[in-house]
$ cat protein_4.txt   # compact mmCIF, C-alpha atoms and all ligand atoms
# COMPACT_ATOMS: atom_id res chain seq x y z
CA MET A 1 -63.46 -36.78 -13.09
CA LEU A 2 -63.06 -38.16 -9.56
CA ALA A 3 -66.62 -37.12 -8.61
CA ARG A 4 -67.78 -40.29 -10.38
CA LEU A 5 -66.38 -42.19 -7.40
CA THR A 6 -68.89 -40.65 -4.97
CA HIS A 7 -70.56 -43.45 -2.98
CA LYS A 8 -69.02 -46.09 -5.25
CA ARG A 9 -68.05 -49.33 -3.51
CA ILE A 10 -64.56 -50.50 -4.29
CA VAL A 11 -62.92 -53.71 -3.15
CA LEU A 12 -59.18 -53.10 -3.23
CA GLY A 13 -57.30 -56.36 -3.57
CA VAL A 14 -53.67 -56.22 -2.49
CA SER A 15 -51.32 -59.00 -3.56
CA GLY A 16 -47.72 -59.68 -2.62
CA GLY A 17 -45.34 -57.19 -4.19
CA ILE A 18 -43.12 -54.32 -3.14
CA ALA A 19 -45.65 -51.82 -4.55
CA ALA A 20 -48.11 -52.84 -1.78
CA TYR A 21 -46.92 -49.77 0.14
CA LYS A 22 -48.57 -47.61 -2.57
CA SER A 23 -51.96 -49.21 -1.79
CA ALA A 24 -52.08 -47.19 1.42
CA GLU A 25 -52.03 -43.93 -0.50
CA LEU A 26 -54.47 -45.31 -3.07
CA ILE A 27 -57.05 -45.94 -0.32
CA ARG A 28 -56.71 -42.29 0.74
CA ARG A 29 -57.25 -41.06 -2.81
CA LEU A 30 -60.31 -43.25 -3.33
CA ARG A 31 -61.89 -42.22 -0.04
CA ASP A 32 -61.12 -38.54 -0.62
CA ALA A 33 -63.11 -38.87 -3.84
CA GLY A 34 -66.10 -40.22 -1.87
CA ALA A 35 -65.69 -43.96 -2.51
CA GLU A 36 -66.21 -46.66 0.13
CA VAL A 37 -63.29 -49.08 0.28
CA GLN A 38 -63.05 -52.65 1.58
CA VAL A 39 -59.56 -54.16 1.46
CA VAL A 40 -58.78 -57.81 0.73
CA MET A 41 -55.16 -58.93 1.17
CA THR A 42 -53.44 -62.11 0.04
CA ALA A 43 -51.23 -63.95 2.53
CA ALA A 44 -48.12 -62.72 0.69
CA ALA A 45 -49.35 -59.09 0.72
CA GLN A 46 -49.39 -59.18 4.52
CA GLN A 47 -45.60 -59.77 4.45
CA PHE A 48 -45.18 -56.42 2.70
CA ILE A 49 -47.65 -54.16 4.55
CA THR A 50 -49.75 -54.77 7.64
CA PRO A 51 -53.53 -55.18 7.54
CA LEU A 52 -53.65 -52.73 10.46
CA THR A 53 -52.40 -49.87 8.27
CA LEU A 54 -54.93 -50.57 5.55
CA GLN A 55 -57.72 -51.06 8.09
CA ALA A 56 -57.02 -47.65 9.60
CA LEU A 57 -56.96 -45.99 6.19
CA SER A 58 -60.04 -47.72 4.77
CA GLY A 59 -62.07 -47.42 7.96
CA ASN A 60 -63.10 -51.08 7.58
CA PRO A 61 -61.67 -54.36 8.84
CA VAL A 62 -59.32 -55.92 6.29
CA HIS A 63 -60.42 -59.23 4.81
CA THR A 64 -57.69 -61.88 4.63
CA ASP A 65 -59.17 -65.37 5.02
CA LEU A 66 -61.53 -67.39 2.89
CA LEU A 67 -61.94 -70.17 5.42
CA ASP A 68 -62.56 -68.10 8.54
CA PRO A 69 -66.01 -68.77 10.05
CA SER A 70 -66.05 -65.52 12.03
CA ALA A 71 -65.20 -63.44 8.93
CA GLU A 72 -67.90 -65.28 6.97
CA ALA A 73 -70.40 -64.44 9.69
CA ALA A 74 -69.64 -60.71 9.29
CA MET A 75 -69.20 -59.91 5.58
CA GLY A 76 -68.72 -63.20 3.80
CA HIS A 77 -67.08 -63.65 0.41
CA ILE A 78 -70.34 -63.74 -1.54
CA GLU A 79 -71.63 -60.66 0.25
CA LEU A 80 -68.39 -58.84 -0.49
CA ALA A 81 -68.58 -59.94 -4.13
CA ARG A 82 -72.11 -58.52 -4.37
CA TRP A 83 -71.22 -55.36 -2.47
CA ALA A 84 -68.54 -54.28 -4.93
CA ASP A 85 -69.12 -51.94 -7.86
CA LEU A 86 -65.48 -52.43 -8.84
CA ILE A 87 -62.73 -54.82 -7.74
CA LEU A 88 -59.28 -53.36 -8.29
CA ILE A 89 -56.21 -55.47 -7.55
CA ALA A 90 -53.29 -53.11 -6.92
CA PRO A 91 -50.62 -54.28 -6.92
CA ALA A 92 -51.45 -57.34 -8.99
CA SER A 93 -48.56 -59.81 -8.71
CA ALA A 94 -47.55 -62.11 -11.57
CA ASP A 95 -48.79 -64.99 -9.45
CA CYS A 96 -52.16 -63.38 -8.84
CA ILE A 97 -52.55 -62.57 -12.55
CA ALA A 98 -51.81 -66.22 -13.40
CA ARG A 99 -54.38 -67.48 -10.92
CA LEU A 100 -57.02 -65.07 -12.25
CA ALA A 101 -56.33 -66.14 -15.83
CA GLN A 102 -56.76 -69.78 -14.83
CA GLY A 103 -59.91 -69.19 -12.78
CA ILE A 104 -58.19 -70.56 -9.68
CA ALA A 105 -60.01 -69.72 -6.45
CA ASN A 106 -57.59 -70.80 -3.72
CA ASP A 107 -57.79 -67.68 -1.55
CA LEU A 108 -60.33 -64.99 -0.69
CA LEU A 109 -59.25 -62.50 -3.36
CA THR A 110 -59.34 -64.87 -6.34
CA THR A 111 -62.60 -66.45 -5.11
CA LEU A 112 -64.19 -62.99 -4.95
CA CYS A 113 -63.10 -62.28 -8.51
CA LEU A 114 -64.95 -65.37 -9.71
CA ALA A 115 -68.01 -64.69 -7.57
CA THR A 116 -68.60 -61.08 -8.60
CA LYS A 117 -70.54 -59.37 -11.38
CA ALA A 118 -68.58 -56.18 -10.75
CA GLN A 119 -66.00 -54.77 -13.14
CA LEU A 120 -62.57 -56.21 -12.45
CA ALA A 121 -59.38 -54.17 -12.86
CA ILE A 122 -55.73 -54.97 -12.18
CA ALA A 123 -52.68 -52.76 -11.72
CA PRO A 124 -49.72 -55.06 -12.45
CA ALA A 125 -46.48 -54.38 -10.59
CA MET A 126 -43.35 -56.46 -11.02
CA ASN A 127 -39.76 -56.65 -12.18
CA GLN A 128 -39.35 -55.77 -15.88
CA GLN A 129 -38.14 -59.29 -16.72
CA MET A 130 -41.21 -60.83 -15.10
CA TRP A 131 -43.41 -58.35 -16.99
CA ALA A 132 -41.83 -59.35 -20.28
CA ALA A 133 -42.20 -63.08 -19.58
CA PRO A 134 -44.32 -64.79 -22.26
CA ALA A 135 -46.34 -66.65 -19.63
CA LEU A 136 -47.31 -63.36 -17.94
CA GLN A 137 -48.17 -61.71 -21.24
CA ALA A 138 -50.29 -64.70 -22.29
CA ASN A 139 -52.20 -64.51 -19.02
CA LEU A 140 -52.82 -60.80 -19.56
CA THR A 141 -54.19 -61.47 -23.04
CA VAL A 142 -56.67 -63.92 -21.54
CA LEU A 143 -57.77 -61.39 -18.92
CA ARG A 144 -58.11 -58.55 -21.45
CA GLU A 145 -60.30 -60.79 -23.61
CA ARG A 146 -62.52 -61.24 -20.56
CA ARG A 147 -62.81 -57.44 -20.28
CA VAL A 148 -60.62 -57.16 -17.21
CA ALA A 149 -59.23 -53.59 -17.25
CA VAL A 150 -55.45 -53.45 -17.05
CA PHE A 151 -54.13 -50.21 -15.55
CA GLY A 152 -50.46 -49.67 -16.46
CA PRO A 153 -47.81 -50.55 -15.67
CA ALA A 154 -45.47 -47.57 -16.05
CA ALA A 155 -41.79 -47.71 -16.95
CA GLY A 156 -38.94 -46.40 -14.83
CA ALA A 157 -36.56 -47.30 -12.00
CA GLN A 158 -37.58 -50.42 -10.08
CA ALA A 159 -37.12 -51.46 -6.46
CA CYS A 160 -34.75 -54.24 -7.55
CA GLY A 161 -32.44 -51.75 -9.30
CA ASP A 162 -33.60 -52.55 -12.86
CA VAL A 163 -35.01 -49.92 -15.16
CA GLY A 164 -37.93 -50.83 -17.39
CA GLU A 165 -41.64 -51.58 -17.61
CA GLY A 166 -43.43 -53.00 -14.58
CA ARG A 167 -43.82 -50.17 -12.05
CA MET A 168 -47.30 -49.85 -10.59
CA LEU A 169 -49.08 -46.65 -11.62
CA GLU A 170 -49.13 -43.93 -8.94
CA ALA A 171 -52.15 -43.76 -6.63
CA VAL A 172 -53.51 -40.57 -8.16
CA GLU A 173 -53.44 -42.10 -11.65
CA LEU A 174 -55.08 -45.32 -10.41
CA ALA A 175 -57.89 -43.37 -8.70
CA SER A 176 -58.54 -41.54 -11.95
CA ARG A 177 -58.60 -44.84 -13.92
CA CYS A 178 -61.13 -46.20 -11.38
CA ALA A 179 -63.32 -43.14 -11.92
CA ASP A 180 -63.21 -43.80 -15.68
CA CYS A 181 -64.82 -47.20 -15.01
CA PHE A 182 -68.05 -45.49 -13.97
CA GLU A 183 -70.46 -43.74 -16.27
CA THR A 184 -71.32 -40.13 -15.67
CA GLY A 185 -74.84 -39.71 -14.39
CA VAL A 186 -76.77 -36.54 -15.17
CA LEU A 187 -76.14 -35.29 -11.62
CA THR A 188 -72.57 -36.55 -11.11
CA GLY A 189 -70.74 -34.37 -8.62
CA GLN A 190 -73.86 -32.42 -7.54
CA HIS A 191 -74.99 -32.21 -3.92
CA VAL A 192 -78.77 -32.56 -3.71
CA VAL A 193 -80.73 -31.80 -0.54
CA ILE A 194 -84.25 -33.24 -0.41
CA THR A 195 -86.93 -32.78 2.23
CA ALA A 196 -89.60 -35.47 2.51
CA GLY A 197 -92.61 -36.56 4.53
CA PRO A 198 -94.84 -34.61 6.89
CA THR A 199 -93.88 -32.55 9.92
CA ARG A 200 -95.44 -32.97 13.35
CA GLU A 201 -96.36 -29.91 15.38
CA ALA A 202 -96.74 -30.76 19.05
CA LEU A 203 -99.85 -29.66 20.96
CA ASP A 204 -98.92 -31.29 24.23
CA PRO A 205 -96.65 -34.20 25.21
CA VAL A 206 -98.92 -36.77 23.51
CA ARG A 207 -100.67 -34.96 20.65
CA TYR A 208 -99.65 -33.26 17.45
CA LEU A 209 -100.96 -31.68 14.24
CA SER A 210 -99.79 -33.34 11.03
CA ASN A 211 -100.90 -34.47 7.55
CA HIS A 212 -101.13 -37.59 5.37
CA SER A 213 -97.80 -37.26 3.55
CA SER A 214 -96.08 -40.68 3.34
CA GLY A 215 -92.69 -39.40 2.16
CA LYS A 216 -92.71 -41.91 -0.72
CA MET A 217 -92.27 -39.29 -3.45
CA GLY A 218 -89.29 -37.63 -1.72
CA PHE A 219 -87.64 -40.98 -1.00
CA SER A 220 -88.09 -42.03 -4.65
CA ILE A 221 -86.52 -38.76 -5.81
CA ALA A 222 -83.63 -39.30 -3.39
CA ARG A 223 -83.04 -42.75 -4.91
CA ALA A 224 -83.21 -41.35 -8.44
CA CYS A 225 -80.67 -38.63 -7.55
CA VAL A 226 -78.26 -41.24 -6.12
CA GLU A 227 -78.69 -43.27 -9.34
CA ALA A 228 -77.88 -40.13 -11.32
CA GLY A 229 -74.56 -39.82 -9.49
CA ALA A 230 -75.43 -37.12 -6.94
CA ARG A 231 -74.36 -36.85 -3.32
CA VAL A 232 -77.70 -36.77 -1.49
CA THR A 233 -78.84 -35.47 1.88
CA LEU A 234 -82.39 -36.60 2.65
CA ILE A 235 -84.13 -34.66 5.42
CA ALA A 236 -87.08 -36.77 6.52
CA GLY A 237 -90.03 -35.93 8.71
CA PRO A 238 -91.68 -38.80 10.66
CA VAL A 239 -92.20 -41.48 7.98
CA ASN A 240 -92.31 -45.23 7.97
CA LEU A 241 -89.82 -45.88 5.18
CA PRO A 242 -86.45 -47.64 5.04
CA THR A 243 -83.41 -45.48 4.32
CA PRO A 244 -82.31 -45.74 0.68
CA GLU A 245 -78.69 -46.79 0.16
CA ARG A 246 -75.76 -44.43 -0.35
CA LEU A 247 -77.18 -41.22 1.03
CA VAL A 248 -77.17 -39.29 4.27
CA ARG A 249 -80.53 -39.25 6.08
CA VAL A 250 -81.35 -36.61 8.68
CA ASP A 251 -84.51 -37.31 10.69
CA VAL A 252 -86.55 -34.37 11.97
CA VAL A 253 -89.96 -33.92 13.59
CA SER A 254 -91.26 -30.34 13.41
CA ALA A 255 -91.14 -27.65 10.72
CA LEU A 256 -88.62 -25.69 12.79
CA ASP A 257 -86.36 -28.78 13.02
CA MET A 258 -86.69 -29.25 9.26
CA LEU A 259 -85.78 -25.63 8.57
CA ALA A 260 -82.64 -25.89 10.73
CA ALA A 261 -81.58 -29.12 9.00
CA ALA A 262 -82.33 -27.65 5.55
CA LEU A 263 -80.32 -24.50 6.24
CA ALA A 264 -77.34 -26.51 7.47
CA ALA A 265 -77.38 -28.98 4.56
CA SER A 266 -78.11 -26.46 1.82
CA GLN A 267 -74.96 -24.43 2.46
CA SER A 268 -73.13 -26.77 0.10
CA ALA A 269 -76.14 -27.76 -2.02
CA ASP A 270 -76.35 -27.41 -5.79
CA ILE A 271 -79.99 -28.51 -5.87
CA PHE A 272 -82.71 -28.26 -3.21
CA ILE A 273 -85.89 -30.30 -3.72
CA ALA A 274 -88.68 -29.59 -1.25
CA THR A 275 -91.14 -32.47 -1.36
CA ALA A 276 -92.01 -32.36 2.35
CA ALA A 277 -95.55 -31.45 3.33
CA VAL A 278 -94.52 -28.94 5.97
CA ALA A 279 -97.24 -27.84 8.37
CA ASP A 280 -98.16 -24.21 7.60
CA TYR A 281 -99.05 -23.54 11.24
CA ARG A 282 -97.97 -24.79 14.65
CA PRO A 283 -99.62 -24.37 18.04
CA GLU A 284 -98.61 -21.06 19.58
CA ALA A 285 -97.63 -22.83 22.77
CA VAL A 286 -96.94 -26.49 23.52
CA ALA A 287 -98.76 -27.46 26.73
CA ALA A 288 -96.32 -28.86 29.28
CA GLN A 289 -98.91 -31.43 30.43
CA LYS A 290 -101.56 -33.37 28.50
CA ILE A 291 -104.48 -31.06 27.72
CA LYS A 292 -107.48 -32.21 29.85
CA LYS A 293 -110.94 -32.85 28.51
CA SER A 294 -112.84 -30.12 30.40
CA SER A 295 -114.94 -27.65 28.41
CA GLU A 296 -117.19 -28.41 25.37
CA MET A 297 -115.08 -26.22 23.09
CA LEU A 298 -111.33 -26.02 22.78
CA THR A 299 -109.77 -23.22 20.77
CA LEU A 300 -106.21 -23.63 19.60
CA ALA A 301 -104.12 -20.60 18.75
CA LEU A 302 -101.80 -21.33 15.82
CA VAL A 303 -98.84 -19.36 14.49
CA ARG A 304 -97.32 -19.46 11.00
CA ASN A 305 -94.38 -21.75 10.43
CA PRO A 306 -91.44 -20.44 8.42
CA ASP A 307 -91.60 -21.18 4.70
CA ILE A 308 -88.62 -23.52 4.23
CA VAL A 309 -88.42 -23.56 0.44
CA ALA A 310 -88.84 -19.78 0.20
CA THR A 311 -86.14 -19.27 2.85
CA ILE A 312 -83.67 -21.38 0.85
CA ALA A 313 -84.69 -19.69 -2.44
CA ALA A 314 -84.09 -16.24 -0.92
CA HIS A 315 -80.40 -16.94 -0.32
CA GLU A 316 -77.89 -14.98 -2.37
CA ASN A 317 -76.00 -18.07 -3.61
CA LYS A 318 -79.09 -20.20 -3.77
CA PRO A 319 -79.09 -23.71 -5.18
CA PHE A 320 -81.47 -24.70 -8.01
CA VAL A 321 -84.70 -24.85 -6.01
CA VAL A 322 -87.59 -27.16 -6.80
CA GLY A 323 -90.83 -26.80 -4.84
CA PHE A 324 -93.77 -29.14 -4.69
CA ALA A 325 -97.34 -27.88 -4.72
CA ALA A 326 -100.12 -30.10 -3.42
CA GLU A 327 -103.29 -28.38 -4.58
CA THR A 328 -106.92 -29.46 -4.55
CA GLU A 329 -108.19 -26.80 -7.02
CA LYS A 330 -106.85 -24.48 -9.73
CA VAL A 331 -103.69 -26.59 -9.60
CA LEU A 332 -101.71 -24.88 -12.38
CA GLU A 333 -102.71 -21.36 -11.46
CA HIS A 334 -101.66 -21.82 -7.83
CA ALA A 335 -98.42 -23.54 -8.83
CA ARG A 336 -97.34 -20.73 -11.20
CA GLU A 337 -98.16 -18.16 -8.53
CA LYS A 338 -95.98 -20.15 -6.08
CA LEU A 339 -93.09 -20.30 -8.57
CA LEU A 340 -92.99 -16.53 -8.95
CA ARG A 341 -93.77 -15.47 -5.38
CA LYS A 342 -91.17 -17.77 -3.81
CA HIS A 343 -88.50 -17.29 -6.53
CA LEU A 344 -88.35 -21.01 -7.26
CA ASP A 345 -86.67 -22.48 -10.33
CA MET A 346 -89.25 -25.21 -10.75
CA VAL A 347 -92.54 -26.32 -9.23
CA ALA A 348 -93.92 -29.85 -9.45
CA CYS A 349 -97.67 -29.92 -8.86
CA ASN A 350 -99.67 -32.77 -7.49
CA ASP A 351 -103.40 -32.78 -7.87
CA VAL A 352 -104.18 -34.19 -4.42
CA ALA A 353 -107.92 -34.10 -5.12
CA ARG A 354 -107.38 -37.13 -7.43
CA SER A 355 -107.87 -40.30 -5.39
CA ASP A 356 -105.70 -42.54 -7.63
CA ILE A 357 -102.42 -40.68 -7.04
CA GLY A 358 -100.70 -38.56 -4.43
CA PHE A 359 -100.08 -38.75 -0.70
CA GLN A 360 -100.31 -42.43 0.35
CA SER A 361 -100.35 -43.89 -3.16
CA ASP A 362 -97.43 -45.65 -4.90
CA ASP A 363 -98.29 -43.78 -8.11
CA ASN A 364 -98.15 -40.14 -8.99
CA ALA A 365 -98.62 -37.76 -11.89
CA LEU A 366 -97.09 -34.30 -11.98
CA THR A 367 -97.27 -31.11 -13.92
CA VAL A 368 -93.87 -29.51 -13.79
CA ILE A 369 -93.61 -25.77 -14.29
CA TRP A 370 -90.67 -23.45 -14.77
CA LYS A 371 -90.52 -19.83 -15.89
CA GLU A 372 -90.49 -20.48 -19.61
CA GLY A 373 -92.48 -23.68 -19.84
CA SER A 374 -94.17 -26.72 -18.40
CA GLN A 375 -94.38 -30.47 -18.91
CA VAL A 376 -96.85 -33.12 -17.79
CA LEU A 377 -95.53 -36.37 -16.35
CA GLU A 378 -98.36 -38.86 -16.86
CA LYS A 379 -99.44 -41.24 -14.10
CA ALA A 380 -96.73 -43.79 -13.31
CA SER A 381 -95.05 -45.34 -10.27
CA LYS A 382 -93.34 -42.81 -8.04
CA SER A 383 -89.93 -44.24 -8.94
CA VAL A 384 -90.57 -43.70 -12.67
CA ILE A 385 -91.89 -40.18 -12.04
CA ALA A 386 -88.84 -39.48 -9.85
CA ARG A 387 -86.40 -40.48 -12.61
CA GLN A 388 -88.26 -38.33 -15.14
CA LEU A 389 -88.22 -35.37 -12.78
CA VAL A 390 -84.48 -35.77 -12.09
CA ALA A 391 -83.81 -35.82 -15.86
CA MET A 392 -85.85 -32.61 -16.24
CA ILE A 393 -84.00 -30.89 -13.40
CA ALA A 394 -80.64 -31.81 -14.99
CA GLN A 395 -81.89 -30.50 -18.34
CA ARG A 396 -83.05 -27.17 -16.86
CA ILE A 397 -79.74 -26.69 -15.02
CA LYS A 398 -77.86 -27.34 -18.28
CA ALA A 399 -80.12 -24.90 -20.15
CA ASP A 400 -79.61 -22.19 -17.49
CA ASN A 401 -75.79 -22.44 -17.64
C1 LIG A 501 -39.07 -59.16 -1.64
C2 LIG A 501 -40.05 -59.67 -2.66
C3 LIG A 501 -40.64 -58.81 -3.56
C4 LIG A 501 -41.53 -59.27 -4.50
N1 LIG A 501 -42.08 -58.38 -5.36
C5 LIG A 501 -42.93 -58.82 -6.31
C6 LIG A 501 -43.50 -57.91 -7.25
O1 LIG A 501 -43.26 -56.71 -7.21
N2 LIG A 501 -44.35 -58.39 -8.17
C7 LIG A 501 -44.66 -59.71 -8.24
O2 LIG A 501 -45.45 -60.08 -9.12
N3 LIG A 501 -44.17 -60.60 -7.36
C8 LIG A 501 -43.30 -60.18 -6.40
N4 LIG A 501 -42.77 -61.09 -5.51
C9 LIG A 501 -43.18 -62.48 -5.56
C10 LIG A 501 -44.56 -62.69 -4.92
O3 LIG A 501 -44.57 -62.18 -3.63
C11 LIG A 501 -44.92 -64.18 -4.94
O4 LIG A 501 -45.10 -64.59 -6.28
C12 LIG A 501 -46.17 -64.47 -4.13
O5 LIG A 501 -46.45 -65.86 -4.25
C13 LIG A 501 -47.39 -63.66 -4.57
O6 LIG A 501 -48.49 -64.12 -3.86
P1 LIG A 501 -49.95 -63.50 -4.07
O7 LIG A 501 -50.20 -63.44 -5.54
O8 LIG A 501 -50.86 -64.46 -3.38
O9 LIG A 501 -49.98 -62.18 -3.43
C14 LIG A 501 -41.86 -60.63 -4.54
C15 LIG A 501 -41.29 -61.51 -3.63
C16 LIG A 501 -40.40 -61.03 -2.69
C17 LIG A 501 -39.79 -62.01 -1.72
$ encode --input "protein_4.txt" --output "structure tokens"
Amino acid sequence: MLARLTHKRIVLGVSGGIAAYKSAELIRRLRDAGAEVQVVMTAAAQQFITPLTLQALSGNPVHTDLLDPSAEAAMGHIELARWADLILIAPASADCIARLAQGIANDLLTTLCLATKAQLAIAPAMNQQMWAAPALQANLTVLRERRVAVFGPAAGAQACGDVGEGRMLEAVELASRCADCFETGVLTGQHVVITAGPTREALDPVRYLSNHSSGKMGFSIARACVEAGARVTLIAGPVNLPTPERLVRVDVVSALDMLAAALAASQSADIFIATAAVADYRPEAVAAQKIKKSSEMLTLALVRNPDIVATIAAHENKPFVVGFAAETEKVLEHAREKLLRKHLDMVACNDVARSDIGFQSDDNALTVIWKEGSQVLEKASKSVIARQLVAMIAQRIKADN
């Protein structure tokens, strides 16, 4: 299941063998499946295929030198070792396999392999006689004992004219073996769109109407969805929060902006989670100039904003839609009414009258309602609540199918 590669970070090590030309296609396959790829080449590999080709295909500069101060200043070897979720060496030459087995770190690729906590995998490629050599087989035994995954090789006609074992697996097969290295999360392969934070409704060039939403709950849910394997689009109102890793963030200001972004993103969404505190009303007109302090009373005319979550839930091929209800009284009653009126699949209710949880707090507690039932998520940090909610959403989707 190639979807497991979504947003995964793969360092592709290329060592010196004829099969290096197949690495170009492998990069395409990995990127098509949603993985990010950084390429590291040995000196010998560069005699077989140019870094320029692999740079163009991976979309990143190719790393070749361990002792290059300028490369270290950009993404150094330790950074690269930490960045990787998986290091795959394809092709893995007999020489490279020997150096790995010995723990030798005399170039960038082998140093990375020692410096990483990531899963290591190799796709050996060599002449059948080299493959059968006792020294090579002994080195492989050592690597297997250290839980290095060995992909292939396949048997067949070889570049040198021999027929036998030692051909590198094809790119499509290698991409699939890489995917197998990653566990399936409960939302693997799903596209989740999340709205978060407040909206700002302009009164004049310097003033706006807004609310106290911090966006923390929506950002925590976005992180939990990424952890669960989903592809995430996070539509954020004006908040003061760093962008979580491995998702697409779309910044918006007003409710109308948020609606446009939500409609665009939700065309391909499987799940839509509306945590944003969208302003119900906006000023009827935005004054072109700053409104002057003149009379004792100022009356503002407000018009209704569109209901974003209801608009998405009204679509024919709607995603699984989760709404949030921030209520100060009759919390459950209002939430159930919202579920039915807006045709939502789930509503998570916050009791914003409680001072220990909610808007600006790092903690939350929710009562989650769906048509046939409900569940209380007791007070916990927003990241814990987010993971619990994501698990519930996955469960409901499974139950509905
Ligand atoms: C034309 C040619 C083809 C080669 N093909 C392979 C190969 O397929 N597999 C292999 O293990 N070594 C092959 N070698 C030998 C390696 O390139 C050599 O062992 C080199 O030192 C590997 O360096 P590296 O492990 O740093 O990439 C080949 C050498 C030449 C000259």
$ residues_near_point --input "protein_4.txt" --point "(-67.9, -63.0, -7.0)" --cutoff "12 Å" --atoms "only C-alpha atoms" --output "number ranges by chain"
A: 11, 76-87, 103, 105, 108-120
$ closest_residue --input "protein_4.txt" --among "A:Val368, A:Ala90, A:Leu298, A:Ala3" --to "ligand LIG 501 (chain A)" --atoms "all atoms listed in the file"
A:Ala90
$ atom_distance --input "protein_4.txt" --atom1 "CA of Leu54 (chain A)" --atom2 "CA of Val39 (chain A)"
7.1 Å
$ closest_residue --input "protein_4.txt" --among "A:Ala24, A:Val278, A:Ala265, A:Ile18" --to "ligand LIG 501 (chain A)" --atoms "all atoms listed in the file"
A:Ile18
$ closest_atom_pairs --input "protein_4.txt" --of "region 87-162 of chain A" --to "region 178-199 of chain A" --cutoff "9 Å" --atoms "only C-alpha atoms" --output "JSON lines"
{"residue": "A:Leu88", "atom": "CA", "partner": "A:Cys178", "partner_atom": "CA", "distance": 8.0}
{"residue": "A:Gln119", "atom": "CA", "partner": "A:Cys181", "partner_atom": "CA", "distance": 7.9}
{"residue": "A:Ala121", "atom": "CA", "partner": "A:Cys178", "partner_atom": "CA", "distance": 8.3}
{"residue": "A:Ala149", "atom": "CA", "partner": "A:Cys181", "partner_atom": "CA", "distance": 8.8}
$ atom_distance --input "protein_4.txt" --atom1 "CA of Leu234 (chain A)" --atom2 "CA of Ser220 (chain A)"
10.7 Å
$ closest_residue --input "protein_4.txt" --among "A:Ser381, A:Ser58, A:Thr53, A:Thr243" --to "Arg31 (chain A)" --atoms "all atoms listed in the file"
A:Ser58
$ atom_distance --input "protein_4.txt" --atom1 "CA of Arg146 (chain A)" --atom2 "CA of Ile89 (chain A)"
15.6 Å
$ residues_near_ligand --input "protein_4.txt" --ligand "ligand LIG 501 (chain A)" --cutoff "7 Å" --atoms "all atoms listed in the file" --output "NGL selection string"
:A and (15-19 or 42-45 or 92-96 or 125-127)
$ residues_around --input "protein_4.txt" --residues "Arg177 (chain A)" --least-positions-apart "6" --cutoff "12 Å" --atoms "only C-alpha atoms" --output "PyMOL selection string"
chain A and resi 1-2+4-5+26+29-30+86+88+121-123+149-152+169-171
$ residues_near_point --input "protein_4.txt" --point "(-40.8, -47.0, -15.8)" --cutoff "7 Å" --atoms "all atoms listed in the file" --output "list in words"
Ala154, Ala155, Gly156, Ala157, Val163, Gly164, Glu165, Gly166 and Arg167 of chain A
$ axis_aligned_box --input "protein_4.txt" --around "region 113-125 of chain A" --padding-each-side "5 Å" --output "AutoDock Vina command-line options"
--center_x -58.5 --center_y -59.1 --center_z -10.4 --size_x 34.1 --size_y 22.6 --size_z 15.6
$ residues_around --input "protein_4.txt" --residues "Arg396 (chain A)" --least-positions-apart "3" --cutoff "12 Å" --atoms "only C-alpha atoms" --output "JSON list (two decimals) with C-alpha atoms, in the frame of the given file"
[["chain", "number", "residue", "atom", "x", "y", "z"],
["A", 186, "VAL", "CA", -76.77, -36.54, -15.17],
["A", 187, "LEU", "CA", -76.14, -35.29, -11.62],
["A", 271, "ILE", "CA", -79.99, -28.51, -5.87],
["A", 320, "PHE", "CA", -81.47, -24.70, -8.01],
["A", 321, "VAL", "CA", -84.70, -24.85, -6.01],
["A", 322, "VAL", "CA", -87.59, -27.16, -6.80],
["A", 345, "ASP", "CA", -86.67, -22.48, -10.33],
["A", 346, "MET", "CA", -89.25, -25.21, -10.75],
["A", 368, "VAL", "CA", -93.87, -29.51, -13.79],
["A", 369, "ILE", "CA", -93.61, -25.77, -14.29],
["A", 370, "TRP", "CA", -90.67, -23.45, -14.77],
["A", 371, "LYS", "CA", -90.52, -19.83, -15.89],
["A", 372, "GLU", "CA", -90.49, -20.48, -19.61],
["A", 373, "GLY", "CA", -92.48, -23.68, -19.84],
["A", 374, "SER", "CA", -94.17, -26.72, -18.40],
["A", 375, "GLN", "CA", -94.38, -30.47, -18.91],
["A", 389, "LEU", "CA", -88.22, -35.37, -12.78],
["A", 390, "VAL", "CA", -84.48, -35.77, -12.09],
["A", 391, "ALA", "CA", -83.81, -35.82, -15.86],
["A", 392, "MET", "CA", -85.85, -32.61, -16.24],
["A", 393, "ILE", "CA", -84.00, -30.89, -13.40],
["A", 399, "ALA", "CA", -80.12, -24.90, -20.15],
["A", 400, "ASP", "CA", -79.61, -22.19, -17.49],
["A", 401, "ASN", "CA", -75.79, -22.44, -17.64]]
$ closest_atom_pairs --input "protein_4.txt" --of "region 280-350 of chain A" --to "region 206-217 of chain A" --cutoff "12 Å" --atoms "all atoms listed in the file" --output "CSV"
residue,atom,partner,partner_atom,distance
A:Asp280,CA,A:Ser210,CA,9.9
A:Tyr281,CA,A:Leu209,CA,8.9
A:Arg282,CA,A:Leu209,CA,7.5
A:Pro283,CA,A:Leu209,CA,8.3
A:Ala285,CA,A:Tyr208,CA,11.9
A:Val286,CA,A:Tyr208,CA,9.5
A:Ala287,CA,A:Arg207,CA,9.8
A:Ala288,CA,A:Val206,CA,10.1
A:Gln289,CA,A:Val206,CA,8.7
A:Lys290,CA,A:Val206,CA,6.6
A:Ile291,CA,A:Arg207,CA,8.9
A:Lys292,CA,A:Val206,CA,11.6
A:Leu300,CA,A:Leu209,CA,11.0
A:Leu302,CA,A:Leu209,CA,10.5
A:Phe324,CA,A:Met217,CA,10.3
A:Ala326,CA,A:Ser213,CA,10.3
A:Ala348,CA,A:Met217,CA,11.3
A:Asn350,CA,A:Met217,CA,10.7
